[in-house]
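Asker: Sharing coords-v6.cif below, mmCIF, C-alpha atoms and all ligand atoms; chains and numbers go by the auth columns:
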```cif
data_run
#
loop_
_atom_site.group_PDB
_atom_site.id
_atom_site.type_symbol
_atom_site.label_atom_id
_atom_site.label_comp_id
_atom_site.label_asym_id
_atom_site.label_seq_id
_atom_site.Cartn_x
_atom_site.Cartn_y
_atom_site.Cartn_z
_atom_site.B_iso_or_equiv
_atom_site.auth_seq_id
_atom_site.auth_asym_id
ATOM 1 C CA MET A 1 8.966 31.978 71.374 0.00 818 A
ATOM 2 C CA PRO A 2 5.769 33.516 70.007 0.00 819 A
ATOM 3 C CA MET A 3 3.291 31.022 68.586 0.00 820 A
ATOM 4 C CA LEU A 4 2.089 31.450 65.023 0.00 821 A
ATOM 5 C CA LYS A 5 -0.865 29.256 64.137 0.00 822 A
ATOM 6 C CA ILE A 6 -1.562 28.567 60.470 0.00 823 A
ATOM 7 C CA PHE A 7 -5.254 27.756 59.999 0.00 824 A
ATOM 8 C CA VAL A 8 -5.752 25.757 56.818 0.00 825 A
ATOM 9 C CA GLY A 9 -8.860 25.307 54.709 0.00 826 A
ATOM 10 C CA THR A 10 -8.276 23.093 51.682 0.00 827 A
ATOM 11 C CA MET A 11 -10.000 20.653 49.357 0.00 828 A
ATOM 12 C CA TYR A 12 -7.134 19.405 47.234 0.00 829 A
ATOM 13 C CA GLY A 13 -4.127 20.215 49.400 0.00 830 A
ATOM 14 C CA GLY A 14 -2.912 23.424 47.732 0.00 831 A
ATOM 15 C CA ALA A 15 -3.550 25.577 50.800 0.00 832 A
ATOM 16 C CA LEU A 16 -1.929 22.978 53.056 0.00 833 A
ATOM 17 C CA ASP A 17 1.087 22.931 50.774 0.00 834 A
ATOM 18 C CA VAL A 18 1.333 26.717 51.118 0.00 835 A
ATOM 19 C CA ALA A 19 1.232 26.381 54.909 0.00 836 A
ATOM 20 C CA GLU A 20 3.993 23.771 54.892 0.00 837 A
ATOM 21 C CA GLN A 21 6.166 25.802 52.520 0.00 838 A
ATOM 22 C CA VAL A 22 5.934 29.052 54.481 0.00 839 A
ATOM 23 C CA LYS A 23 6.385 27.407 57.903 0.00 840 A
ATOM 24 C CA PRO A 24 10.229 27.543 57.807 0.00 841 A
ATOM 25 C CA LEU A 25 10.146 31.258 56.976 0.00 842 A
ATOM 26 C CA PHE A 26 8.356 31.935 60.249 0.00 843 A
ATOM 27 C CA GLU A 27 10.628 29.577 62.149 0.00 844 A
ATOM 28 C CA GLU A 28 13.645 31.429 60.793 0.00 845 A
ATOM 29 C CA ALA A 29 11.978 34.637 61.965 0.00 846 A
ATOM 30 C CA GLY A 30 11.829 33.248 65.515 0.00 847 A
ATOM 31 C CA HIS A 31 8.291 31.865 65.741 0.00 848 A
ATOM 32 C CA GLU A 32 7.023 28.550 66.870 0.00 849 A
ATOM 33 C CA VAL A 33 4.612 27.324 64.171 0.00 850 A
ATOM 34 C CA ALA A 34 1.577 25.045 64.353 0.00 851 A
ATOM 35 C CA ILE A 35 -0.338 24.036 61.222 0.00 852 A
ATOM 36 C CA LEU A 36 -3.999 23.279 61.912 0.00 853 A
ATOM 37 C CA GLU A 37 -5.778 21.267 59.235 0.00 854 A
ATOM 38 C CA ASN A 38 -8.971 20.728 61.189 0.00 855 A
ATOM 39 C CA PRO A 39 -9.176 23.810 63.366 0.00 856 A
ATOM 40 C CA THR A 40 -11.774 24.296 66.057 0.00 857 A
ATOM 41 C CA LEU A 41 -12.795 27.421 67.906 0.00 858 A
ATOM 42 C CA ASP A 42 -10.690 26.276 70.885 0.00 859 A
ATOM 43 C CA ASP A 43 -7.582 26.707 68.739 0.00 860 A
ATOM 44 C CA LEU A 44 -8.373 30.403 68.354 0.00 861 A
ATOM 45 C CA ASP A 45 -7.356 31.221 71.870 0.00 862 A
ATOM 46 C CA ALA A 46 -5.531 34.357 73.035 0.00 863 A
ATOM 47 C CA GLU A 47 -3.498 32.377 75.574 0.00 864 A
ATOM 48 C CA THR A 48 -1.913 30.118 72.958 0.00 865 A
ATOM 49 C CA THR A 49 -1.977 32.267 69.802 0.00 866 A
ATOM 50 C CA ASP A 50 0.319 35.244 69.253 0.00 867 A
ATOM 51 C CA LEU A 51 -0.326 35.557 65.540 0.00 868 A
ATOM 52 C CA ALA A 52 -2.465 33.726 62.983 0.00 869 A
ATOM 53 C CA LEU A 53 -2.150 33.075 59.282 0.00 870 A
ATOM 54 C CA PHE A 54 -5.154 31.756 57.410 0.00 871 A
ATOM 55 C CA CYS A 55 -4.524 29.761 54.214 0.00 872 A
ATOM 56 C CA VAL A 56 -7.923 29.118 52.731 0.00 873 A
ATOM 57 C CA SER A 57 -9.088 27.985 49.318 0.00 874 A
ATOM 58 C CA THR A 58 -12.585 28.308 47.913 0.00 875 A
ATOM 59 C CA THR A 59 -14.913 25.555 46.762 0.00 876 A
ATOM 60 C CA GLY A 60 -18.486 25.305 45.498 0.00 877 A
ATOM 61 C CA SER A 61 -19.696 28.831 44.741 0.00 878 A
ATOM 62 C CA GLY A 62 -17.541 30.916 47.041 0.00 879 A
ATOM 63 C CA ASP A 63 -17.776 28.366 49.870 0.00 880 A
ATOM 64 C CA TYR A 64 -15.421 27.318 52.644 0.00 881 A
ATOM 65 C CA PRO A 65 -13.669 23.981 52.088 0.00 882 A
ATOM 66 C CA GLY A 66 -15.240 21.057 53.977 0.00 883 A
ATOM 67 C CA ALA A 67 -13.216 20.782 57.171 0.00 884 A
ATOM 68 C CA PHE A 68 -12.892 24.553 57.511 0.00 885 A
ATOM 69 C CA ALA A 69 -16.619 25.279 57.268 0.00 886 A
ATOM 70 C CA PRO A 70 -17.542 24.144 60.821 0.00 887 A
ATOM 71 C CA PHE A 71 -14.742 26.329 62.219 0.00 888 A
ATOM 72 C CA ALA A 72 -15.887 29.429 60.316 0.00 889 A
ATOM 73 C CA ASN A 73 -19.515 28.702 61.171 0.00 890 A
ATOM 74 C CA ALA A 74 -18.598 28.402 64.858 0.00 891 A
ATOM 75 C CA ILE A 75 -17.002 31.860 64.750 0.00 892 A
ATOM 76 C CA ALA A 76 -20.144 33.261 63.137 0.00 893 A
ATOM 77 C CA GLU A 77 -22.519 31.528 65.544 0.00 894 A
ATOM 78 C CA LYS A 78 -20.647 31.852 68.833 0.00 895 A
ATOM 79 C CA SER A 79 -19.308 35.325 68.092 0.00 896 A
ATOM 80 C CA PRO A 80 -16.312 34.909 70.416 0.00 897 A
ATOM 81 C CA GLY A 81 -14.950 38.454 70.011 0.00 898 A
ATOM 82 C CA LEU A 82 -11.438 38.476 68.579 0.00 899 A
ATOM 83 C CA GLY A 83 -10.185 41.949 69.462 0.00 900 A
ATOM 84 C CA TRP A 84 -6.881 40.428 70.532 0.00 901 A
ATOM 85 C CA LEU A 85 -6.216 38.649 67.229 0.00 902 A
ATOM 86 C CA ARG A 86 -3.694 39.828 64.625 0.00 903 A
ATOM 87 C CA TYR A 87 -3.728 37.845 61.420 0.00 904 A
ATOM 88 C CA GLY A 88 -2.677 37.504 57.818 0.00 905 A
ATOM 89 C CA LEU A 89 -4.737 35.910 55.099 0.00 906 A
ATOM 90 C CA ILE A 90 -3.825 33.965 51.984 0.00 907 A
ATOM 91 C CA ALA A 91 -6.835 33.126 49.825 0.00 908 A
ATOM 92 C CA LEU A 92 -6.602 30.581 47.023 0.00 909 A
ATOM 93 C CA GLY A 93 -9.074 30.706 44.184 0.00 910 A
ATOM 94 C CA ASP A 94 -9.612 30.721 40.474 0.00 911 A
ATOM 95 C CA SER A 95 -10.785 33.839 38.652 0.00 912 A
ATOM 96 C CA SER A 96 -12.638 31.721 36.095 0.00 913 A
ATOM 97 C CA TYR A 97 -15.287 31.363 38.837 0.00 914 A
ATOM 98 C CA GLY A 98 -16.054 35.067 38.342 0.00 915 A
ATOM 99 C CA GLU A 99 -17.908 36.743 41.190 0.00 916 A
ATOM 100 C CA THR A 100 -17.108 34.037 43.705 0.00 917 A
ATOM 101 C CA PHE A 101 -13.342 34.409 43.153 0.00 918 A
ATOM 102 C CA CYS A 102 -11.641 33.780 46.504 0.00 919 A
ATOM 103 C CA GLY A 103 -15.091 33.918 48.076 0.00 920 A
ATOM 104 C CA ALA A 104 -14.136 31.867 51.137 0.00 921 A
ATOM 105 C CA GLY A 105 -11.075 33.993 51.920 0.00 922 A
ATOM 106 C CA ARG A 106 -13.034 37.205 51.453 0.00 923 A
ATOM 107 C CA GLN A 107 -15.904 35.948 53.604 0.00 924 A
ATOM 108 C CA LEU A 108 -13.494 34.881 56.319 0.00 925 A
ATOM 109 C CA ASP A 109 -11.770 38.259 56.261 0.00 926 A
ATOM 110 C CA GLU A 110 -15.112 39.997 56.827 0.00 927 A
ATOM 111 C CA LEU A 111 -16.034 37.544 59.554 0.00 928 A
ATOM 112 C CA LEU A 112 -12.779 38.139 61.445 0.00 929 A
ATOM 113 C CA ALA A 113 -13.011 41.913 61.041 0.00 930 A
ATOM 114 C CA GLY A 114 -16.571 41.726 62.378 0.00 931 A
ATOM 115 C CA GLN A 115 -15.179 40.040 65.499 0.00 932 A
ATOM 116 C CA GLY A 116 -12.731 42.898 66.003 0.00 933 A
ATOM 117 C CA ALA A 117 -9.614 41.098 64.729 0.00 934 A
ATOM 118 C CA THR A 118 -6.906 43.114 63.000 0.00 935 A
ATOM 119 C CA ARG A 119 -5.535 42.023 59.645 0.00 936 A
ATOM 120 C CA LEU A 120 -1.882 42.895 59.205 0.00 937 A
ATOM 121 C CA GLY A 121 -1.241 44.070 55.649 0.00 938 A
ATOM 122 C CA GLU A 122 -3.331 43.255 52.607 0.00 939 A
ATOM 123 C CA ARG A 123 -4.927 39.924 51.865 0.00 940 A
ATOM 124 C CA LEU A 124 -3.072 37.821 49.290 0.00 941 A
ATOM 125 C CA GLU A 125 -5.342 36.354 46.621 0.00 942 A
ATOM 126 C CA VAL A 126 -3.739 33.608 44.565 0.00 943 A
ATOM 127 C CA ASP A 127 -5.418 33.032 41.211 0.00 944 A
ATOM 128 C CA ALA A 128 -4.999 29.476 39.868 0.00 945 A
ATOM 129 C CA MET A 129 -5.536 30.907 36.361 0.00 946 A
ATOM 130 C CA GLU A 130 -2.274 32.822 36.721 0.00 947 A
ATOM 131 C CA THR A 131 -0.261 30.862 39.266 0.00 948 A
ATOM 132 C CA PHE A 132 -0.046 27.105 38.825 0.00 949 A
ATOM 133 C CA MET A 133 1.696 26.490 42.164 0.00 950 A
ATOM 134 C CA ALA A 134 0.257 28.726 44.874 0.00 951 A
ATOM 135 C CA ASP A 135 3.604 28.558 46.716 0.00 952 A
ATOM 136 C CA ASP A 136 5.194 30.617 43.956 0.00 953 A
ATOM 137 C CA ALA A 137 3.038 33.553 44.986 0.00 954 A
ATOM 138 C CA ALA A 138 2.825 32.772 48.703 0.00 955 A
ATOM 139 C CA LEU A 139 6.510 32.428 49.542 0.00 956 A
ATOM 140 C CA PRO A 140 7.618 35.911 48.388 0.00 957 A
ATOM 141 C CA TRP A 141 4.452 37.393 49.870 0.00 958 A
ATOM 142 C CA VAL A 142 5.209 35.884 53.293 0.00 959 A
ATOM 143 C CA GLU A 143 8.833 37.058 53.161 0.00 960 A
ATOM 144 C CA GLU A 144 7.592 40.558 52.440 0.00 961 A
ATOM 145 C CA TRP A 145 4.870 40.275 55.070 0.00 962 A
ATOM 146 C CA ILE A 146 7.350 39.296 57.794 0.00 963 A
ATOM 147 C CA ASP A 147 9.511 42.307 56.886 0.00 964 A
ATOM 148 C CA ALA A 148 6.746 44.854 56.448 0.00 965 A
ATOM 149 C CA GLN A 149 4.931 43.859 59.635 0.00 966 A
ATOM 150 C CA GLN A 150 8.187 43.554 61.570 0.00 967 A
ATOM 151 C CA LEU A 151 7.414 40.027 62.630 0.00 968 A
ATOM 152 C CA LYS A 152 11.018 39.021 63.049 0.00 969 A
ATOM 153 C CA VAL A 153 11.675 38.231 66.696 0.00 970 A
ATOM 154 C CA ALA A 154 15.150 39.027 67.930 0.00 971 A
HETATM 155 C C1 LIG B . -15.623 22.213 42.634 0.00 1 B
HETATM 156 C C2 LIG B . -14.751 23.435 42.709 0.00 1 B
HETATM 157 C C3 LIG B . -15.334 24.661 42.995 0.00 1 B
HETATM 158 C C4 LIG B . -14.546 25.832 43.065 0.00 1 B
HETATM 159 N N1 LIG B . -15.147 27.041 43.328 0.00 1 B
HETATM 160 C C5 LIG B . -14.391 28.167 43.374 0.00 1 B
HETATM 161 C C6 LIG B . -14.999 29.426 43.610 0.00 1 B
HETATM 162 O O1 LIG B . -16.201 29.574 43.803 0.00 1 B
HETATM 163 N N2 LIG B . -14.181 30.526 43.651 0.00 1 B
HETATM 164 C C7 LIG B . -12.842 30.441 43.456 0.00 1 B
HETATM 165 O O2 LIG B . -12.155 31.465 43.501 0.00 1 B
HETATM 166 N N3 LIG B . -12.235 29.240 43.221 0.00 1 B
HETATM 167 C C8 LIG B . -12.972 28.110 43.168 0.00 1 B
HETATM 168 N N4 LIG B . -12.376 26.904 42.917 0.00 1 B
HETATM 169 C C9 LIG B . -10.923 26.872 42.658 0.00 1 B
HETATM 170 C C10 LIG B . -10.087 26.497 43.884 0.00 1 B
HETATM 171 O O3 LIG B . -10.315 27.381 44.975 0.00 1 B
HETATM 172 C C11 LIG B . -8.599 26.578 43.501 0.00 1 B
HETATM 173 O O4 LIG B . -8.327 25.614 42.510 0.00 1 B
HETATM 174 C C12 LIG B . -7.679 26.401 44.690 0.00 1 B
HETATM 175 O O5 LIG B . -6.346 26.594 44.268 0.00 1 B
HETATM 176 C C13 LIG B . -7.815 25.006 45.305 0.00 1 B
HETATM 177 O O6 LIG B . -7.017 24.976 46.468 0.00 1 B
HETATM 178 P P1 LIG B . -6.885 23.656 47.370 0.00 1 B
HETATM 179 O O7 LIG B . -5.973 22.725 46.631 0.00 1 B
HETATM 180 O O8 LIG B . -6.290 24.145 48.654 0.00 1 B
HETATM 181 O O9 LIG B . -8.251 23.075 47.577 0.00 1 B
HETATM 182 C C14 LIG B . -13.148 25.750 42.833 0.00 1 B
HETATM 183 C C15 LIG B . -12.565 24.493 42.544 0.00 1 B
HETATM 184 C C16 LIG B . -13.345 23.366 42.470 0.00 1 B
HETATM 185 C C17 LIG B . -12.714 22.049 42.106 0.00 1 B
#
```
Translate the structure of the given file into structure tokens.

Answerer:
Amino acid sequence: MPMLKIFVGTMYGGALDVAEQVKPLFEEAGHEVAILENPTLDDLDAETTDLALFCVSTTGSGDYPGAFAPFANAIAEKSPGLGWLRYGLIALGDSSYGETFCGAGRQLDELLAGQGATRLGERLEVDAMETFMADDAALPWVEEWIDAQQLKVA
């Protein structure tokens, strides 16, 4: 079974909740799923990762949530080269923060692209001003994503 790793960056648990809610959709589509709440660079390994989904909220002024920051910083500093990586990205934010809306997710997307990784489909940005429970936006998006990217494994 292909391994899908869900890399979570959260302050208050919303992004983790999204990861837990979408996990069964990937399992039904034939993937083994691991949710990583405190990811390290070692987890981003071509041998053990067939596909990645990043669920990342924003804190501060466009900043990565606490436990996710060292992981993102390690990618930036060690520049591992991620040409093998295919990923999806769900960013959680709040548009009342203006310019820094979904800043962490957007920053991460740029960082991964800079390492040669390929994003499958568009990034989902969930706005807490519009969507009280991020799952309400994430679940249909993931269903659509699995279909559109043909991620169902026979
Ligand atoms: C102190 C604080 C700072 C925040 N800063 C931003 C921000 O700069 N940009 C943004 O889009 N959302 C910001 N948010 C909103 C959160 O990203 C949003 O509520 C998100 O759904 C939280 O997800 P989580 O439960 O996974 O931490 C901030 C929230 C808090 C409490």

Asker: Can you list what the PyMOL selection byres (((not hetatm)) within 6 of (chain B and resi 1)) grabs from this structure, as a list of chain:residue names?

Answerer: A:Thr827, A:Met828, A:Tyr829, A:Gly830, A:Gly831, A:Ala832, A:Ser874, A:Thr875, A:Thr876, A:Gly877, A:Ser878, A:Gly879, A:Leu909, A:Gly910, A:Asp911, A:Ser912, A:Tyr914, A:Thr917, A:Phe918, A:Cys919, A:Gly920, A:Ala945

Asker: With distances taken over all atoms listed in the file, which of A:Met818, A:Cys872, A:Val943, A:Val970 is nearest to Glu837 in chain A?

Answerer: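 Using all atoms listed in the file, Glu837 in chain A sits closest to A:Cys872.
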
Asker: For each of A:Asp926, A:Glu854, A:Glu939, A:Asp953, take the minimum atom-to-atom distance to Val839 in chain A, counting only C-alpha atoms, then give the residue where this is smallest.

Answerer: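 Among the listed residues, the smallest separation from Val839 in chain A belongs to A:Asp953.
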
Asker: Considering all atoms listed in the file, state which residue in the set A:Ile907, A:Leu968, A:Leu925, A:Leu956 is at the smallest distance from Glu942 in chain A.

Answerer: A:Ile907

Asker: Tell me, as a VMD selection string, which residues lie within 10 Å of Ala886 in chain A, counting only C-alpha atoms; anything in the same chain fewer than 3 positions away does not count.

Answerer: chain A and resid 826 855 to 856 880 to 883 889 to 892 921

Asker: Generate a file of the selected residues that holds C-alpha atoms, formatted as an mmCIF file, keeping the file's coordinate frame.

Answerer:
```
data_model
loop_
_atom_site.group_PDB
_atom_site.id
_atom_site.type_symbol
_atom_site.label_atom_id
_atom_site.label_comp_id
_atom_site.auth_asym_id
_atom_site.auth_seq_id
_atom_site.Cartn_x
_atom_site.Cartn_y
_atom_site.Cartn_z
ATOM 1 C CA GLY A 826 -8.860 25.307 54.709
ATOM 2 C CA ASN A 855 -8.971 20.728 61.189
ATOM 3 C CA PRO A 856 -9.176 23.810 63.366
ATOM 4 C CA ASP A 880 -17.776 28.366 49.870
ATOM 5 C CA TYR A 881 -15.421 27.318 52.644
ATOM 6 C CA PRO A 882 -13.669 23.981 52.088
ATOM 7 C CA GLY A 883 -15.240 21.057 53.977
ATOM 8 C CA ALA A 889 -15.887 29.429 60.316
ATOM 9 C CA ASN A 890 -19.515 28.702 61.171
ATOM 10 C CA ALA A 891 -18.598 28.402 64.858
ATOM 11 C CA ILE A 892 -17.002 31.860 64.750
ATOM 12 C CA ALA A 921 -14.136 31.867 51.137
#
```

Asker: How big is the axis-aligned box, and where does its centre sit, when it encloses all atoms of range 832-851 of chain A listed in the file and has 3 Å added on every side, reported in Å to one decimal as lines of an AutoDock Vina configuration file?

Answerer:
```
center_x = 5.0
center_y = 28.8
center_z = 58.8
size_x = 23.2
size_y = 17.7
size_z = 22.1
```

Asker: Place N, CA and C atoms on range 824-860 of chain A and deliver the coordinates as a PDB file, in the frame of the given file.

Answerer:
```pdb
ATOM      1  N   PHE A 824      -3.949  28.411  60.114  1.00  0.00           N
ATOM      2  CA  PHE A 824      -5.254  27.756  59.999  1.00  0.00           C
ATOM      3  C   PHE A 824      -5.489  27.454  58.522  1.00  0.00           C
ATOM      4  N   VAL A 825      -5.669  26.170  58.216  1.00  0.00           N
ATOM      5  CA  VAL A 825      -5.752  25.757  56.818  1.00  0.00           C
ATOM      6  C   VAL A 825      -7.167  25.322  56.454  1.00  0.00           C
ATOM      7  N   GLY A 826      -7.621  25.801  55.308  1.00  0.00           N
ATOM      8  CA  GLY A 826      -8.860  25.307  54.709  1.00  0.00           C
ATOM      9  C   GLY A 826      -8.550  24.874  53.291  1.00  0.00           C
ATOM     10  N   THR A 827      -8.681  23.586  53.001  1.00  0.00           N
ATOM     11  CA  THR A 827      -8.276  23.093  51.682  1.00  0.00           C
ATOM     12  C   THR A 827      -9.177  21.956  51.229  1.00  0.00           C
ATOM     13  N   MET A 828      -9.320  21.822  49.917  1.00  0.00           N
ATOM     14  CA  MET A 828     -10.000  20.653  49.357  1.00  0.00           C
ATOM     15  C   MET A 828      -8.970  19.694  48.767  1.00  0.00           C
ATOM     16  N   TYR A 829      -8.058  20.251  47.998  1.00  0.00           N
ATOM     17  CA  TYR A 829      -7.134  19.405  47.234  1.00  0.00           C
ATOM     18  C   TYR A 829      -5.693  19.495  47.715  1.00  0.00           C
ATOM     19  N   GLY A 830      -5.462  20.199  48.806  1.00  0.00           N
ATOM     20  CA  GLY A 830      -4.127  20.215  49.400  1.00  0.00           C
ATOM     21  C   GLY A 830      -3.274  21.419  49.046  1.00  0.00           C
ATOM     22  N   GLY A 831      -3.721  22.259  48.132  1.00  0.00           N
ATOM     23  CA  GLY A 831      -2.912  23.424  47.732  1.00  0.00           C
ATOM     24  C   GLY A 831      -2.656  24.368  48.910  1.00  0.00           C
ATOM     25  N   ALA A 832      -3.700  24.647  49.676  1.00  0.00           N
ATOM     26  CA  ALA A 832      -3.550  25.577  50.800  1.00  0.00           C
ATOM     27  C   ALA A 832      -2.684  24.965  51.904  1.00  0.00           C
ATOM     28  N   LEU A 833      -2.775  23.658  52.060  1.00  0.00           N
ATOM     29  CA  LEU A 833      -1.929  22.978  53.056  1.00  0.00           C
ATOM     30  C   LEU A 833      -0.469  23.032  52.601  1.00  0.00           C
ATOM     31  N   ASP A 834      -0.259  22.857  51.324  1.00  0.00           N
ATOM     32  CA  ASP A 834       1.087  22.931  50.774  1.00  0.00           C
ATOM     33  C   ASP A 834       1.689  24.326  51.029  1.00  0.00           C
ATOM     34  N   VAL A 835       0.873  25.350  50.834  1.00  0.00           N
ATOM     35  CA  VAL A 835       1.333  26.717  51.118  1.00  0.00           C
ATOM     36  C   VAL A 835       1.759  26.820  52.577  1.00  0.00           C
ATOM     37  N   ALA A 836       0.925  26.303  53.478  1.00  0.00           N
ATOM     38  CA  ALA A 836       1.232  26.381  54.909  1.00  0.00           C
ATOM     39  C   ALA A 836       2.569  25.694  55.208  1.00  0.00           C
ATOM     40  N   GLU A 837       2.754  24.521  54.616  1.00  0.00           N
ATOM     41  CA  GLU A 837       3.993  23.771  54.892  1.00  0.00           C
ATOM     42  C   GLU A 837       5.219  24.477  54.312  1.00  0.00           C
ATOM     43  N   GLN A 838       5.040  25.114  53.159  1.00  0.00           N
ATOM     44  CA  GLN A 838       6.166  25.802  52.520  1.00  0.00           C
ATOM     45  C   GLN A 838       6.575  27.077  53.267  1.00  0.00           C
ATOM     46  N   VAL A 839       5.587  27.780  53.821  1.00  0.00           N
ATOM     47  CA  VAL A 839       5.934  29.052  54.481  1.00  0.00           C
ATOM     48  C   VAL A 839       6.352  28.842  55.941  1.00  0.00           C
ATOM     49  N   LYS A 840       6.063  27.686  56.488  1.00  0.00           N
ATOM     50  CA  LYS A 840       6.385  27.407  57.903  1.00  0.00           C
ATOM     51  C   LYS A 840       7.845  27.737  58.243  1.00  0.00           C
ATOM     52  N   PRO A 841       8.830  27.261  57.446  1.00  0.00           N
ATOM     53  CA  PRO A 841      10.229  27.543  57.807  1.00  0.00           C
ATOM     54  C   PRO A 841      10.571  29.036  57.807  1.00  0.00           C
ATOM     55  N   LEU A 842       9.855  29.815  56.998  1.00  0.00           N
ATOM     56  CA  LEU A 842      10.146  31.258  56.976  1.00  0.00           C
ATOM     57  C   LEU A 842       9.822  31.877  58.337  1.00  0.00           C
ATOM     58  N   PHE A 843       8.726  31.416  58.929  1.00  0.00           N
ATOM     59  CA  PHE A 843       8.356  31.935  60.249  1.00  0.00           C
ATOM     60  C   PHE A 843       9.290  31.391  61.328  1.00  0.00           C
ATOM     61  N   GLU A 844       9.704  30.154  61.165  1.00  0.00           N
ATOM     62  CA  GLU A 844      10.628  29.577  62.149  1.00  0.00           C
ATOM     63  C   GLU A 844      11.947  30.338  62.126  1.00  0.00           C
ATOM     64  N   GLU A 845      12.405  30.648  60.905  1.00  0.00           N
ATOM     65  CA  GLU A 845      13.645  31.429  60.793  1.00  0.00           C
ATOM     66  C   GLU A 845      13.471  32.819  61.413  1.00  0.00           C
ATOM     67  N   ALA A 846      12.241  33.312  61.393  1.00  0.00           N
ATOM     68  CA  ALA A 846      11.978  34.637  61.965  1.00  0.00           C
ATOM     69  C   ALA A 846      11.722  34.556  63.479  1.00  0.00           C
ATOM     70  N   GLY A 847      11.885  33.366  64.058  1.00  0.00           N
ATOM     71  CA  GLY A 847      11.829  33.248  65.515  1.00  0.00           C
ATOM     72  C   GLY A 847      10.493  32.832  66.099  1.00  0.00           C
ATOM     73  N   HIS A 848       9.605  32.288  65.248  1.00  0.00           N
ATOM     74  CA  HIS A 848       8.291  31.865  65.741  1.00  0.00           C
ATOM     75  C   HIS A 848       8.217  30.349  65.885  1.00  0.00           C
ATOM     76  N   GLU A 849       7.416  29.948  66.839  1.00  0.00           N
ATOM     77  CA  GLU A 849       7.023  28.550  66.870  1.00  0.00           C
ATOM     78  C   GLU A 849       5.790  28.448  65.956  1.00  0.00           C
ATOM     79  N   VAL A 850       5.695  27.387  65.156  1.00  0.00           N
ATOM     80  CA  VAL A 850       4.612  27.324  64.171  1.00  0.00           C
ATOM     81  C   VAL A 850       3.791  26.049  64.339  1.00  0.00           C
ATOM     82  N   ALA A 851       2.474  26.207  64.360  1.00  0.00           N
ATOM     83  CA  ALA A 851       1.577  25.045  64.353  1.00  0.00           C
ATOM     84  C   ALA A 851       0.661  25.154  63.138  1.00  0.00           C
ATOM     85  N   ILE A 852       0.571  24.072  62.379  1.00  0.00           N
ATOM     86  CA  ILE A 852      -0.338  24.036  61.222  1.00  0.00           C
ATOM     87  C   ILE A 852      -1.594  23.263  61.628  1.00  0.00           C
ATOM     88  N   LEU A 853      -2.739  23.896  61.482  1.00  0.00           N
ATOM     89  CA  LEU A 853      -3.999  23.279  61.912  1.00  0.00           C
ATOM     90  C   LEU A 853      -4.863  22.963  60.698  1.00  0.00           C
ATOM     91  N   GLU A 854      -5.006  21.677  60.418  1.00  0.00           N
ATOM     92  CA  GLU A 854      -5.778  21.267  59.235  1.00  0.00           C
ATOM     93  C   GLU A 854      -7.265  21.121  59.533  1.00  0.00           C
ATOM     94  N   ASN A 855      -7.566  20.844  60.789  1.00  0.00           N
ATOM     95  CA  ASN A 855      -8.971  20.728  61.189  1.00  0.00           C
ATOM     96  C   ASN A 855      -9.201  21.606  62.409  1.00  0.00           C
ATOM     97  N   PRO A 856      -9.125  22.918  62.197  1.00  0.00           N
ATOM     98  CA  PRO A 856      -9.176  23.810  63.366  1.00  0.00           C
ATOM     99  C   PRO A 856     -10.548  23.809  64.028  1.00  0.00           C
ATOM    100  N   THR A 857     -10.522  24.078  65.327  1.00  0.00           N
ATOM    101  CA  THR A 857     -11.774  24.296  66.057  1.00  0.00           C
ATOM    102  C   THR A 857     -11.661  25.657  66.744  1.00  0.00           C
ATOM    103  N   LEU A 858     -12.773  26.113  67.257  1.00  0.00           N
ATOM    104  CA  LEU A 858     -12.795  27.421  67.906  1.00  0.00           C
ATOM    105  C   LEU A 858     -11.825  27.466  69.084  1.00  0.00           C
ATOM    106  N   ASP A 859     -11.622  26.330  69.746  1.00  0.00           N
ATOM    107  CA  ASP A 859     -10.690  26.276  70.885  1.00  0.00           C
ATOM    108  C   ASP A 859      -9.265  26.627  70.479  1.00  0.00           C
ATOM    109  N   ASP A 860      -8.936  26.374  69.204  1.00  0.00           N
ATOM    110  CA  ASP A 860      -7.582  26.707  68.739  1.00  0.00           C
ATOM    111  C   ASP A 860      -7.369  28.213  68.639  1.00  0.00           C
TER     112      ASP A 860
END
```
